[in-house]
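Asker: Take this structure first; my questions come after.
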Amino acid sequence: MAIATATNEDAAALNALIQQAHAQAGHTTAPATEISGSDLLSIRNGDRLMTRKNDRELGVANRDVWTVDHVTSDRPVVVSDGKRTVQLPAEYVKEHTHLAYAATEFGVQGATVQAGHGIVTDTSNASALYVSATRGREANTLHVVAETPLQARELFVNAMTRESGDRGVEVQREAARRDLDGTAGTRTLTQTQREQAAWWGVDIDRPPERAPADATTSPDSAVVRETEAVRSPEAAARTANDTEATRIARDSAAAQQRIAASGQER
């Protein structure tokens with residue numbers, strides 16, 4: 001089985017959970033001597049382990065996957081791939097190995113297994129999801145974590161239309177947003193919130209024009225009109241099904257207006 005995630009942090013979190021489940025089920029046992037890999041997770045007898053550095057003397061290569069036979073008293077880890085057995089010194093284990101129940105999409109590229117699983121997040125892209133969805137010979141499953149079926153669909157569609165290069169642009173955009181939020185004291189928007197607002201036709205990065213002063217017009221109603229002005233006709237027709245995305249967009253529009261009014265917009 002191959003489990004693919006978008007980031008190393010996600011892979012480490014899943015590895016810890018899966019290792020715990022295997023331990024509780026009795027599939028692995030505690031070693032006589034404790035040792036951990038680069039992910040700081042203690043290695044158990046029976047765990048799956050990935051080597052991350054080529055070493056001809058040891059006979060291991062980057063991204064080789066092994067099963068831990070046992071950890072000896074002098075702390076080398078004996079591993080096997082079903083065909084051969086090697087001993088990994090403690091120093092190598094600590095610096096160049098980690099659990100291999102889950103890995104990044106790049107890490108599982110080229111693997112062929114019985115069943116493949118992929119985790120879809122707001123940083124996933126089309127090429128990475130293709131890798132996640134094609135590792136298994138008999139079955140492939142993509143998992144989307146969302147609050148509603150509609151949000152799950154949006155996450156998947158956005159991921160399938162996002163190229164790998166888009167991730168860097170979004171990271172830079174989010175960093176700029178955080179810088180601006182730090183000077184104006186406005187809320188930070190996540191990538192998921194941005195995509196939800198975009199689905200509703202709201203451009204939350206577009207500073208709204210300042211409404212003319214009018215004692216009969218409340219600031220809230222002005223923000224609503226400015227938000228409606230940047231919506232597409234199709235999006236406006238969905239106002240009856242108002243969601244959190246529209247409230248997020250309105251909050252953002254109000255924040256942008258306050259920034260423009262205070263002269264801090266840049």
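In the structure tokens, chains take letters A, B, ... by order of appearance, with residues numbered from 1 within each chain and ligands from 1 in the order shown.
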Using only C-alpha atoms, which residues sit within 6 Å of region 70-76 of chain A once same-chain residues fewer than 5 positions away are excluded, as a ChimeraX atom specification?
Answerer: /A:31,33,45,88-90
Asker: Keeping only all heavy atoms, write those residues as a PDB file, in the first residue's frame.
Answerer:
```pdb
ATOM      1  N   PRO A  31      11.362  -2.451  20.516  1.00  0.00           N
ATOM      2  CA  PRO A  31      12.720  -2.997  20.464  1.00  0.00           C
ATOM      3  C   PRO A  31      13.354  -3.000  21.843  1.00  0.00           C
ATOM      4  O   PRO A  31      12.914  -2.305  22.763  1.00  0.00           O
ATOM      5  CB  PRO A  31      13.439  -2.030  19.524  1.00  0.00           C
ATOM      6  CG  PRO A  31      12.733  -0.727  19.738  1.00  0.00           C
ATOM      7  CD  PRO A  31      11.292  -1.074  19.982  1.00  0.00           C
ATOM      8  N   THR A  33      16.262  -1.823  22.435  1.00  0.00           N
ATOM      9  CA  THR A  33      16.943  -0.540  22.543  1.00  0.00           C
ATOM     10  C   THR A  33      16.188   0.486  21.710  1.00  0.00           C
ATOM     11  O   THR A  33      15.873   0.240  20.550  1.00  0.00           O
ATOM     12  CB  THR A  33      18.393  -0.642  22.039  1.00  0.00           C
ATOM     13  OG1 THR A  33      19.077  -1.660  22.771  1.00  0.00           O
ATOM     14  CG2 THR A  33      19.120   0.680  22.192  1.00  0.00           C
ATOM     15  N   ASN A  45      10.163  -2.877  15.982  1.00  0.00           N
ATOM     16  CA  ASN A  45      10.349  -4.086  15.182  1.00  0.00           C
ATOM     17  C   ASN A  45       9.094  -4.323  14.344  1.00  0.00           C
ATOM     18  O   ASN A  45       7.989  -4.373  14.872  1.00  0.00           O
ATOM     19  CB  ASN A  45      10.591  -5.295  16.089  1.00  0.00           C
ATOM     20  CG  ASN A  45      11.828  -5.141  16.954  1.00  0.00           C
ATOM     21  OD1 ASN A  45      12.823  -4.559  16.534  1.00  0.00           O
ATOM     22  ND2 ASN A  45      11.767  -5.656  18.184  1.00  0.00           N
ATOM     23  N   LEU A  88      21.829  -1.145   9.314  1.00  0.00           N
ATOM     24  CA  LEU A  88      21.988   0.299   9.255  1.00  0.00           C
ATOM     25  C   LEU A  88      22.582   0.800  10.565  1.00  0.00           C
ATOM     26  O   LEU A  88      21.992   0.581  11.629  1.00  0.00           O
ATOM     27  CB  LEU A  88      20.639   0.973   9.014  1.00  0.00           C
ATOM     28  CG  LEU A  88      19.866   0.542   7.762  1.00  0.00           C
ATOM     29  CD1 LEU A  88      18.530   1.264   7.699  1.00  0.00           C
ATOM     30  CD2 LEU A  88      20.684   0.817   6.509  1.00  0.00           C
ATOM     31  N   PRO A  89      23.727   1.476  10.527  1.00  0.00           N
ATOM     32  CA  PRO A  89      24.312   2.011  11.761  1.00  0.00           C
ATOM     33  C   PRO A  89      23.396   3.050  12.402  1.00  0.00           C
ATOM     34  O   PRO A  89      22.580   3.685  11.734  1.00  0.00           O
ATOM     35  CB  PRO A  89      25.623   2.651  11.277  1.00  0.00           C
ATOM     36  CG  PRO A  89      25.899   2.018   9.953  1.00  0.00           C
ATOM     37  CD  PRO A  89      24.569   1.714   9.349  1.00  0.00           C
ATOM     38  N   ALA A  90      23.547   3.224  13.691  1.00  0.00           N
ATOM     39  CA  ALA A  90      22.692   4.158  14.424  1.00  0.00           C
ATOM     40  C   ALA A  90      22.794   5.574  13.860  1.00  0.00           C
ATOM     41  O   ALA A  90      21.781   6.282  13.752  1.00  0.00           O
ATOM     42  CB  ALA A  90      23.071   4.141  15.908  1.00  0.00           C
TER      43      ALA A  90
END
```
Asker: What residues in region 123-158 of chain A get the DSSP label helix (DSSP H, G or I)? Please answer as a VMD selection string.
Answerer: chain A and resid 126 to 132 149 to 158
Asker: May I ask for the distance between CA of Gly37 (chain A) and CA of Trp66 (chain A), given in Å to one decimal place?
Answerer: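 One can read the CA of Gly37 (chain A) to CA of Trp66 (chain A) distance as 13.4 Å.
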Asker: Excluding Ala103 (chain A) and any residue of its chain fewer than 5 positions from it, enumerate the residues within 7 Å of it, using only C-alpha atoms, and give them as a list in words.
Answerer: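 Neighbouring residues, sequence-local ones excluded: Ile3, Ala4, Thr5, Ala11 and Val108 of chain A.
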Asker: Suppose you want the space between CA of Thr161 (chain A) and CA of Thr104 (chain A); what is it in Å?
Answerer: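 CA of Thr104 (chain A) lies at a distance of 19.6 Å from CA of Thr161 (chain A).
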Asker: Given the choices A:Gln87, A:Ser38, A:Thr7, A:Asn15, which gets closest to Asp55 (chain A) if the distance is worked out from only C-alpha atoms?
Answerer: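 Comparing A:Gln87, A:Ser38, A:Thr7, A:Asn15 against Asp55 (chain A), the winner is A:Gln87.
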Asker: With only C-alpha atoms as the atoms that count, which of A:Glu105, A:Asp39, A:Asp64, A:Glu57 lies nearest to Ala126 (chain A)?
Answerer: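 Result for the nearest residue to Ala126 (chain A): A:Glu105.
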Asker: Which of these, A:Val68, A:Val60, A:Val131, A:Ala25, has the shortest distance to Ser42 (chain A) once you count only C-alpha atoms?
Answerer: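 Closest to Ser42 (chain A), using only C-alpha atoms: A:Val68.
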Asker: Calculate how many Å separate CA of Thr134 (chain A) from CA of Glu147 (chain A), rounding to one decimal.
Answerer: 26.3 Å
Asker: Which one is closest to Gln20 (chain A): A:Phe156, A:Tyr92, A:Tyr101, A:Phe106? Count only C-alpha atoms.
Answerer: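 With only C-alpha atoms as the atom set, the closest residue is A:Tyr101.
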